[in-house]
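Here is the file data-v1.txt (compact mmCIF, C-alpha atoms).
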```
# COMPACT_ATOMS: atom_id res chain seq x y z
CA MET A 1 -7.02 -24.76 74.63
CA ALA A 2 -6.48 -21.33 76.16
CA ALA A 3 -3.93 -22.79 78.55
CA ALA A 4 -2.08 -24.35 75.61
CA ARG A 5 -2.03 -21.02 73.80
CA ARG A 6 -0.71 -19.34 76.94
CA GLY A 7 2.03 -21.96 77.18
CA VAL A 8 3.09 -21.44 73.57
CA PHE A 9 2.92 -17.69 74.04
CA SER A 10 5.04 -17.89 77.20
CA ARG A 11 7.64 -20.08 75.52
CA GLY A 12 7.73 -17.76 72.49
CA SER A 13 8.03 -14.70 74.72
CA LEU A 14 10.81 -16.34 76.69
CA ARG A 15 12.73 -17.11 73.50
CA ARG A 16 12.35 -13.52 72.32
CA TRP A 17 13.61 -12.19 75.64
CA VAL A 18 16.56 -14.58 75.55
CA ARG A 19 17.43 -13.46 72.03
CA LEU A 20 17.09 -9.82 73.05
CA GLY A 21 19.30 -10.40 76.09
CA ALA A 22 21.91 -12.14 73.95
CA LEU A 23 21.84 -9.27 71.46
CA VAL A 24 22.29 -6.67 74.20
CA ALA A 25 25.16 -8.68 75.72
CA ALA A 26 26.85 -8.99 72.31
CA ILE A 27 26.57 -5.23 71.76
CA MET A 28 27.99 -4.51 75.21
CA VAL A 29 30.97 -6.77 74.46
CA ALA A 30 31.53 -5.46 70.93
CA LEU A 31 31.21 -1.75 71.72
CA PRO A 32 34.37 -1.39 73.86
CA VAL A 33 36.31 -3.54 71.37
CA VAL A 34 35.34 -1.28 68.46
CA LEU A 35 35.62 2.00 70.38
CA THR A 36 39.15 1.16 71.56
CA ILE A 37 40.24 0.91 67.92
CA LEU A 38 38.47 4.18 67.10
CA TYR A 39 40.21 5.88 70.05
CA LEU A 40 43.71 5.07 68.79
CA PRO A 41 44.20 8.23 66.64
CA PRO A 42 45.35 11.25 68.70
CA VAL A 43 42.74 13.46 67.00
CA VAL A 44 39.92 11.51 68.70
CA ARG A 45 38.83 12.88 72.08
CA PRO A 46 36.90 10.22 74.03
CA ILE A 47 34.40 11.03 76.76
CA SER A 48 33.62 8.96 79.84
CA THR A 49 30.39 7.33 80.94
CA LEU A 50 30.17 9.89 83.77
CA MET A 51 30.42 12.71 81.25
CA ILE A 52 27.62 11.08 79.25
CA LYS A 53 25.54 10.89 82.44
CA ASP A 54 26.11 14.60 83.08
CA LEU A 55 24.93 15.35 79.54
CA VAL A 56 21.85 13.12 79.80
CA THR A 57 20.85 14.68 83.13
CA LEU A 58 21.40 18.18 81.68
CA GLN A 59 24.08 19.04 84.25
CA GLY A 60 26.81 19.58 81.69
CA TYR A 61 30.50 19.32 82.49
CA ASP A 62 33.80 21.14 82.19
CA ARG A 63 36.45 19.31 80.16
CA GLN A 64 39.15 20.92 78.01
CA TRP A 65 41.13 18.31 76.11
CA VAL A 66 44.89 18.84 75.96
CA PRO A 67 47.54 16.63 74.33
CA LEU A 68 49.98 14.90 76.66
CA ASP A 69 52.75 17.17 75.35
CA ASP A 70 50.82 20.16 76.72
CA ILE A 71 50.61 18.73 80.23
CA ALA A 72 53.47 19.28 82.66
CA PRO A 73 55.42 15.95 82.71
CA VAL A 74 55.39 15.98 86.51
CA MET A 75 51.60 15.52 86.38
CA ALA A 76 51.81 12.16 84.61
CA HIS A 77 54.74 11.17 86.82
CA SER A 78 52.75 12.01 89.96
CA VAL A 79 49.73 10.02 88.77
CA ILE A 80 51.90 6.97 88.03
CA MET A 81 53.60 7.12 91.42
CA SER A 82 50.27 7.61 93.16
CA GLU A 83 47.98 5.30 91.20
CA ASP A 84 50.02 2.67 89.35
CA GLY A 85 53.75 2.40 89.98
CA GLN A 86 54.14 -0.49 87.51
CA PHE A 87 52.31 1.31 84.69
CA CYS A 88 55.28 1.14 82.32
CA PHE A 89 55.92 -2.54 82.97
CA HIS A 90 52.61 -4.42 83.23
CA LYS A 91 50.24 -5.43 80.42
CA GLY A 92 47.09 -3.80 81.70
CA ILE A 93 46.88 -5.46 85.10
CA ASP A 94 49.42 -5.63 87.92
CA LEU A 95 49.56 -9.36 88.68
CA GLY A 96 51.50 -8.84 91.90
CA GLU A 97 48.92 -6.44 93.31
CA LEU A 98 46.07 -8.61 92.07
CA ARG A 99 47.48 -11.69 93.80
CA GLY A 100 47.79 -9.68 97.01
CA VAL A 101 44.14 -8.63 96.82
CA ILE A 102 43.00 -12.22 96.17
CA ASN A 103 45.08 -13.52 99.09
CA ASP A 104 43.68 -10.83 101.40
CA ALA A 105 40.13 -11.73 100.35
CA LEU A 106 40.72 -15.46 100.89
CA GLU A 107 42.12 -14.75 104.36
CA GLY A 108 39.15 -12.56 105.23
CA GLU A 109 41.20 -9.37 105.45
CA ALA A 110 40.22 -5.97 104.12
CA THR A 111 41.21 -5.74 100.46
CA ARG A 112 43.28 -2.89 99.07
CA GLY A 113 42.88 -1.28 95.69
CA ALA A 114 44.65 -2.95 92.77
CA SER A 115 43.31 -0.90 89.87
CA THR A 116 45.89 0.04 87.28
CA ILE A 117 45.65 3.10 85.06
CA PRO A 118 44.43 0.98 82.09
CA MET A 119 41.78 -0.54 84.38
CA GLN A 120 40.64 2.87 85.55
CA THR A 121 40.65 4.15 81.98
CA VAL A 122 38.40 1.37 80.63
CA LYS A 123 36.14 1.75 83.65
CA ASN A 124 35.78 5.48 82.97
CA LEU A 125 35.28 4.96 79.23
CA TYR A 126 33.00 1.93 79.12
CA LEU A 127 31.73 0.83 82.53
CA TRP A 128 30.02 2.12 85.65
CA ASN A 129 31.18 3.42 89.03
CA GLY A 130 30.84 1.61 92.32
CA ARG A 131 32.52 -1.48 93.74
CA SER A 132 31.16 -4.56 92.00
CA PHE A 133 32.49 -8.05 91.37
CA LEU A 134 30.73 -8.10 87.99
CA ARG A 135 32.39 -4.87 86.95
CA LYS A 136 35.82 -6.23 87.90
CA VAL A 137 35.20 -9.40 85.89
CA VAL A 138 34.48 -7.26 82.82
CA GLU A 139 37.18 -4.69 83.59
CA LEU A 140 40.14 -7.08 83.71
CA PRO A 141 40.01 -8.46 80.14
CA LEU A 142 39.10 -5.01 78.81
CA ALA A 143 42.19 -3.53 80.46
CA ILE A 144 44.43 -6.23 78.95
CA TYR A 145 42.92 -5.64 75.50
CA PHE A 146 43.14 -1.86 75.87
CA ASP A 147 46.78 -2.00 76.94
CA ALA A 148 47.67 -4.40 74.12
CA LEU A 149 46.30 -2.06 71.44
CA MET A 150 46.97 1.35 72.93
CA PRO A 151 50.45 2.89 73.37
CA LYS A 152 51.24 3.83 76.96
CA ARG A 153 51.48 7.53 76.10
CA ARG A 154 48.00 7.44 74.53
CA ILE A 155 46.58 5.60 77.56
CA MET A 156 47.98 8.28 79.84
CA GLU A 157 46.71 11.06 77.57
CA ILE A 158 43.18 9.63 77.57
CA TYR A 159 43.21 8.98 81.31
CA LEU A 160 44.36 12.49 82.20
CA ASN A 161 41.65 13.94 79.96
CA ILE A 162 38.70 11.91 81.28
CA ALA A 163 39.51 11.44 84.97
CA GLU A 164 37.05 13.08 87.35
CA TRP A 165 38.52 15.80 89.58
CA GLY A 166 35.34 17.06 91.17
CA PRO A 167 31.63 17.45 90.45
CA ASN A 168 31.30 17.94 86.67
CA ILE A 169 35.07 18.58 86.36
CA TYR A 170 36.90 16.20 84.04
CA GLY A 171 40.44 16.17 82.76
CA VAL A 172 43.57 17.74 84.12
CA GLU A 173 43.24 21.00 82.16
CA ALA A 174 39.81 21.80 83.62
CA ALA A 175 41.02 20.72 87.07
CA SER A 176 44.16 22.83 86.87
CA GLN A 177 42.19 25.89 85.78
CA HIS A 178 39.49 25.33 88.40
CA TYR A 179 41.72 24.70 91.40
CA PHE A 180 44.88 26.65 90.60
CA GLY A 181 43.89 29.14 87.89
CA LYS A 182 46.59 28.01 85.47
CA PRO A 183 46.96 25.64 82.48
CA ALA A 184 48.07 22.07 83.05
CA SER A 185 51.32 22.85 81.26
CA GLN A 186 52.32 25.14 84.14
CA LEU A 187 51.56 22.91 87.10
CA SER A 188 54.22 22.84 89.79
CA ARG A 189 55.44 19.62 91.40
CA ARG A 190 53.35 20.33 94.50
CA GLN A 191 50.20 21.10 92.54
CA ALA A 192 50.62 17.98 90.40
CA ALA A 193 51.03 15.85 93.53
CA LEU A 194 47.92 17.39 95.11
CA LEU A 195 45.87 16.69 91.98
CA ALA A 196 47.18 13.10 91.84
CA VAL A 197 46.22 12.26 95.43
CA THR A 198 42.77 13.78 94.88
CA LEU A 199 41.87 11.19 92.21
CA PRO A 200 40.83 8.31 94.51
CA ASN A 201 38.08 10.46 96.06
CA PRO A 202 37.46 13.66 94.08
CA ALA A 203 34.07 14.20 95.71
CA ALA A 204 35.63 14.60 99.17
CA ARG A 205 39.12 15.95 98.39
CA ASN A 206 39.96 19.48 97.31
CA PRO A 207 43.53 19.95 96.04
CA ALA A 208 43.26 23.73 96.43
CA LYS A 209 42.30 23.37 100.12
CA PRO A 210 44.06 20.21 101.30
CA GLY A 211 43.73 19.00 104.85
CA PRO A 212 46.69 17.66 106.87
CA GLY A 213 46.20 14.10 105.57
CA LEU A 214 46.07 15.16 101.93
CA LYS A 215 49.15 17.35 102.42
CA ARG A 216 51.09 14.38 103.82
CA LEU A 217 50.05 12.17 100.91
CA ALA A 218 51.00 14.88 98.42
CA SER A 219 54.44 15.25 100.02
CA VAL A 220 55.07 11.51 99.61
CA ILE A 221 53.98 11.54 95.96
CA GLU A 222 55.97 14.69 95.23
CA ARG A 223 59.14 12.97 96.49
CA ARG A 224 58.40 9.79 94.56
CA ALA A 225 57.66 11.68 91.34
CA GLY A 226 60.96 13.51 91.65
CA LYS A 227 62.76 10.15 91.69
CA ALA A 228 60.48 8.29 89.27
CA GLY A 229 63.25 7.50 86.76
CA ALA A 230 62.59 4.17 85.03
CA TYR A 231 59.05 4.02 86.40
CA VAL A 232 57.98 6.67 83.86
CA GLN A 233 60.29 5.82 80.96
CA CYS A 234 57.44 4.63 78.73
CA LEU A 235 56.22 8.24 78.52
CA ASP A 236 59.50 9.58 77.11
```

Is it possible to give me this structure as C-alpha cells?
Amino acid sequence: MAAARRGVFSRGSLRRWVRLGALVAAIMVALPVVLTILYLPPVVRPISTLMIKDLVTLQGYDRQWVPLDDIAPVMAHSVIMSEDGQFCFHKGIDLGELRGVINDALEGEATRGASTIPMQTVKNLYLWNGRSFLRKVVELPLAIYFDALMPKRRIMEIYLNIAEWGPNIYGVEAASQHYFGKPASQLSRRQAALLAVTLPNPAARNPAKPGPGLKRLASVIERRAGKAGAYVQCLD
C-alpha cells in the first residue's frame, strides 16, 4: 500500500515538474519576443543580462545611454567593419559566414566567429555568455526575429549602448569617457577603431593602452571604416 502511494506520489510529482519546466520554457521563449516589441521605441533604454548580473551582485556598472545621432558616425562604421561587414545586407544572420563555420566544423578545422551584430545584441539582451551550442540554437532564430522587427539604426543604437567595453563598463559613451576622457560624439577615427577591435575581448584589451597587435588591428579597421561606403548605408 505504501509502495503504491509512493508510486502515485512520484508520478504526480513528475507531472508537476514537467508542467513547471514547460511553463519556464514558455516564459523564456515569450520574454524575448515581448521585450523586442517593447524595445522598439527610441525612448526605451534596454539593459543587458551582464548589467543585470552586476546589479544583482551589487557591483554596479557605468552606462550612459546616448542616441545614435550623438555618437560619432565613424564609431558605428568601425564596429560594422570590425564585427559584421554585411550588417546592412543580411536579415539577422550572415548565411555565407555561417556556412563557412559549419563546413569548418564538419572538416574538423578550428571554427571562426560568425556572430552578426543582431546576434550579439540578442545575446547581450536575453542570453548568457560563453560558447555553447544550446545558446547558438536559441540565438539564431532570435536574431532573425530581432532584425525583422527592429530597424538597422535602432539595432546599432542598442548594441552600442549595451556592449561591454571592460569590467562594469557598458556602452560607447561610458567607454569613451573612461578610456579617452571625451564624449562618444567626439571620437576620432583612430579612437573609434581601437574601441571596435576591443569588443571581442574587452576583459583583456585596453583601447587606451593598445599593444602592437591591437594597434595593427585598429589600423586595418580604421582604413576599412574610411572606405565603408555602401557597407554602412543603412545607417544614413

Shell of 12 Å around Lys182 of chain A, all atoms listed in the file, local chain residues under 4 positions omitted, as a compact mmCIF listing (two decimals) with C-alpha atoms, in the frame of the given file:
```txt
# COMPACT_ATOMS: atom_id res chain seq x y z
CA ILE A 71 50.61 18.73 80.23
CA ALA A 72 53.47 19.28 82.66
CA VAL A 172 43.57 17.74 84.12
CA GLU A 173 43.24 21.00 82.16
CA ALA A 174 39.81 21.80 83.62
CA ALA A 175 41.02 20.72 87.07
CA SER A 176 44.16 22.83 86.87
CA GLN A 177 42.19 25.89 85.78
CA HIS A 178 39.49 25.33 88.40
CA GLN A 186 52.32 25.14 84.14
CA LEU A 187 51.56 22.91 87.10
CA SER A 188 54.22 22.84 89.79
CA GLN A 191 50.20 21.10 92.54
CA ALA A 192 50.62 17.98 90.40
```

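Distance-wise, atom CA of Ser78 of chain A and atom CA of Gly229 of chain A end up 11.9 Å apart.
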
Polymer residues at most 12 Å from Pro151 of chain A, all atoms listed in the file, same-chain spacing of 3 or more positions, as a PyMOL selection string: chain A and resi 36-37+39-42+87-88+91-92+118+145-148+154-158+234-236

Separation of atom CA of Ile93 of chain A from atom CA of Asn168 of chain A in Å: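 So the two atoms, atom CA of Asn168 of chain A and atom CA of Ile93 of chain A, lie 28.2 Å apart.
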
Atomic distance atom CA of Val79 of chain A - atom CA of Asp54 of chain A, expressed in Å with one decimal: 24.7 Å

Residue with smallest distance to Ile144 of chain A - pool A:Ala228, A:Val33, A:Leu195, A:Val220, counting all atoms listed in the file: A:Val33

Around segment 219-227 of chain A, fit a box with edges along x, y and z, padding it by 5 Å on each side, then list its centre and edge lengths in Å to one decimal as JSON.
```
{"center_x": 58.4, "center_y": 12.5, "center_z": 95.7, "size_x": 18.8, "size_y": 15.5, "size_z": 18.7}
```

Distance criterion (all atoms listed in the file): nearest to Gly211 of chain A out of A:Ala225, A:Ile117, A:Leu194, A:Leu142: A:Leu194

Segment 196-206 of chain A environment, 10 Å, only C-alpha atoms, sequence neighbours closer than 2 positions dropped, as a ChimeraX atom specification: /A:75-83,113,163-167,169,172,179,190-194,208-211,214-222

Option closest in space to Asn124 of chain A, from A:Asp70, A:His90, A:Pro141, A:Tyr170 [counting all atoms listed in the file]: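 Between A:Asp70, A:His90, A:Pro141, A:Tyr170, the residue approaching Asn124 of chain A most closely is A:Tyr170.
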
Non-local contacts of segment 43-46 of chain A (8 Å; all atoms listed in the file; under 6 positions in same chain excluded) as number ranges by chain: A: 65, 125, 158, 162

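Each of A:Pro183, A:Arg15, A:Asn161, A:Arg189 was compared to Arg63 of chain A using only C-alpha atoms, and A:Asn161 turns out to be the nearest.
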
Hey, could you patch up segment 31-42 of chain A with all heavy atoms and hand it over as a PDB file, keeping the file's coordinate frame?
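Done, and the output landed in rebuild_6.pdb:
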```
ATOM      1  N   LEU A  31      31.037  -3.200  71.714  1.00  0.00           N
ATOM      2  CA  LEU A  31      31.210  -1.750  71.720  1.00  0.00           C
ATOM      3  C   LEU A  31      32.574  -1.305  72.237  1.00  0.00           C
ATOM      4  O   LEU A  31      33.269  -0.525  71.560  1.00  0.00           O
ATOM      5  CB  LEU A  31      30.082  -1.106  72.538  1.00  0.00           C
ATOM      6  CG  LEU A  31      29.914   0.408  72.379  1.00  0.00           C
ATOM      7  CD1 LEU A  31      29.619   0.772  70.925  1.00  0.00           C
ATOM      8  CD2 LEU A  31      28.792   0.911  73.291  1.00  0.00           C
ATOM      9  N   PRO A  32      33.037  -1.784  73.408  1.00  0.00           N
ATOM     10  CA  PRO A  32      34.370  -1.390  73.860  1.00  0.00           C
ATOM     11  C   PRO A  32      35.485  -1.838  72.909  1.00  0.00           C
ATOM     12  O   PRO A  32      36.482  -1.137  72.742  1.00  0.00           O
ATOM     13  CB  PRO A  32      34.513  -2.069  75.226  1.00  0.00           C
ATOM     14  CG  PRO A  32      33.129  -2.334  75.665  1.00  0.00           C
ATOM     15  CD  PRO A  32      32.351  -2.606  74.418  1.00  0.00           C
ATOM     16  N   VAL A  33      35.300  -3.020  72.302  1.00  0.00           N
ATOM     17  CA  VAL A  33      36.310  -3.540  71.370  1.00  0.00           C
ATOM     18  C   VAL A  33      36.457  -2.594  70.181  1.00  0.00           C
ATOM     19  O   VAL A  33      37.566  -2.234  69.772  1.00  0.00           O
ATOM     20  CB  VAL A  33      35.927  -4.954  70.904  1.00  0.00           C
ATOM     21  CG1 VAL A  33      36.862  -5.414  69.787  1.00  0.00           C
ATOM     22  CG2 VAL A  33      35.984  -5.927  72.072  1.00  0.00           C
ATOM     23  N   VAL A  34      35.325  -2.176  69.624  1.00  0.00           N
ATOM     24  CA  VAL A  34      35.340  -1.280  68.460  1.00  0.00           C
ATOM     25  C   VAL A  34      35.802   0.122  68.849  1.00  0.00           C
ATOM     26  O   VAL A  34      36.630   0.734  68.157  1.00  0.00           O
ATOM     27  CB  VAL A  34      33.942  -1.228  67.815  1.00  0.00           C
ATOM     28  CG1 VAL A  34      33.902  -0.190  66.701  1.00  0.00           C
ATOM     29  CG2 VAL A  34      33.560  -2.601  67.276  1.00  0.00           C
ATOM     30  N   LEU A  35      35.284   0.634  69.969  1.00  0.00           N
ATOM     31  CA  LEU A  35      35.620   2.000  70.380  1.00  0.00           C
ATOM     32  C   LEU A  35      37.118   2.129  70.680  1.00  0.00           C
ATOM     33  O   LEU A  35      37.718   3.168  70.389  1.00  0.00           O
ATOM     34  CB  LEU A  35      34.806   2.400  71.604  1.00  0.00           C
ATOM     35  CG  LEU A  35      33.336   2.730  71.345  1.00  0.00           C
ATOM     36  CD1 LEU A  35      32.624   3.054  72.652  1.00  0.00           C
ATOM     37  CD2 LEU A  35      33.207   3.897  70.374  1.00  0.00           C
ATOM     38  N   THR A  36      37.711   1.103  71.264  1.00  0.00           N
ATOM     39  CA  THR A  36      39.150   1.160  71.560  1.00  0.00           C
ATOM     40  C   THR A  36      39.947   1.387  70.277  1.00  0.00           C
ATOM     41  O   THR A  36      40.901   2.176  70.258  1.00  0.00           O
ATOM     42  CB  THR A  36      39.611  -0.137  72.258  1.00  0.00           C
ATOM     43  OG1 THR A  36      38.951  -0.234  73.528  1.00  0.00           O
ATOM     44  CG2 THR A  36      41.121  -0.138  72.477  1.00  0.00           C
ATOM     45  N   ILE A  37      39.561   0.718  69.205  1.00  0.00           N
ATOM     46  CA  ILE A  37      40.240   0.910  67.920  1.00  0.00           C
ATOM     47  C   ILE A  37      40.008   2.338  67.410  1.00  0.00           C
ATOM     48  O   ILE A  37      40.938   3.004  66.936  1.00  0.00           O
ATOM     49  CB  ILE A  37      39.741  -0.119  66.894  1.00  0.00           C
ATOM     50  CG1 ILE A  37      40.106  -1.539  67.354  1.00  0.00           C
ATOM     51  CG2 ILE A  37      40.342   0.157  65.516  1.00  0.00           C
ATOM     52  CD1 ILE A  37      39.460  -2.636  66.535  1.00  0.00           C
ATOM     53  N   LEU A  38      38.780   2.821  67.554  1.00  0.00           N
ATOM     54  CA  LEU A  38      38.470   4.180  67.100  1.00  0.00           C
ATOM     55  C   LEU A  38      39.204   5.240  67.921  1.00  0.00           C
ATOM     56  O   LEU A  38      39.470   6.338  67.417  1.00  0.00           O
ATOM     57  CB  LEU A  38      36.957   4.423  67.191  1.00  0.00           C
ATOM     58  CG  LEU A  38      36.076   3.590  66.268  1.00  0.00           C
ATOM     59  CD1 LEU A  38      34.607   3.908  66.506  1.00  0.00           C
ATOM     60  CD2 LEU A  38      36.435   3.830  64.803  1.00  0.00           C
ATOM     61  N   TYR A  39      39.546   4.915  69.173  1.00  0.00           N
ATOM     62  CA  TYR A  39      40.210   5.880  70.050  1.00  0.00           C
ATOM     63  C   TYR A  39      41.726   5.924  69.861  1.00  0.00           C
ATOM     64  O   TYR A  39      42.404   6.731  70.495  1.00  0.00           O
ATOM     65  CB  TYR A  39      39.911   5.557  71.516  1.00  0.00           C
ATOM     66  CG  TYR A  39      38.476   5.796  71.931  1.00  0.00           C
ATOM     67  CD1 TYR A  39      37.961   5.198  73.085  1.00  0.00           C
ATOM     68  CD2 TYR A  39      37.630   6.602  71.183  1.00  0.00           C
ATOM     69  CE1 TYR A  39      36.652   5.414  73.477  1.00  0.00           C
ATOM     70  CE2 TYR A  39      36.313   6.818  71.567  1.00  0.00           C
ATOM     71  CZ  TYR A  39      35.828   6.222  72.718  1.00  0.00           C
ATOM     72  OH  TYR A  39      34.532   6.428  73.109  1.00  0.00           O
ATOM     73  N   LEU A  40      42.256   5.082  68.993  1.00  0.00           N
ATOM     74  CA  LEU A  40      43.710   5.070  68.790  1.00  0.00           C
ATOM     75  C   LEU A  40      44.260   6.380  68.211  1.00  0.00           C
ATOM     76  O   LEU A  40      45.277   6.879  68.703  1.00  0.00           O
ATOM     77  CB  LEU A  40      44.097   3.896  67.878  1.00  0.00           C
ATOM     78  CG  LEU A  40      44.199   2.524  68.549  1.00  0.00           C
ATOM     79  CD1 LEU A  40      44.259   1.423  67.498  1.00  0.00           C
ATOM     80  CD2 LEU A  40      45.418   2.466  69.457  1.00  0.00           C
ATOM     81  N   PRO A  41      43.632   6.993  67.205  1.00  0.00           N
ATOM     82  CA  PRO A  41      44.200   8.230  66.640  1.00  0.00           C
ATOM     83  C   PRO A  41      44.185   9.377  67.642  1.00  0.00           C
ATOM     84  O   PRO A  41      43.181   9.600  68.338  1.00  0.00           O
ATOM     85  CB  PRO A  41      43.257   8.531  65.454  1.00  0.00           C
ATOM     86  CG  PRO A  41      42.592   7.236  65.149  1.00  0.00           C
ATOM     87  CD  PRO A  41      42.462   6.528  66.454  1.00  0.00           C
ATOM     88  N   PRO A  42      45.271  10.138  67.736  1.00  0.00           N
ATOM     89  CA  PRO A  42      45.350  11.250  68.700  1.00  0.00           C
ATOM     90  C   PRO A  42      44.292  12.325  68.481  1.00  0.00           C
ATOM     91  O   PRO A  42      43.979  13.070  69.413  1.00  0.00           O
ATOM     92  CB  PRO A  42      46.759  11.813  68.461  1.00  0.00           C
ATOM     93  CG  PRO A  42      47.527  10.696  67.841  1.00  0.00           C
ATOM     94  CD  PRO A  42      46.538   9.921  67.033  1.00  0.00           C
TER      95      PRO A  42
END
```
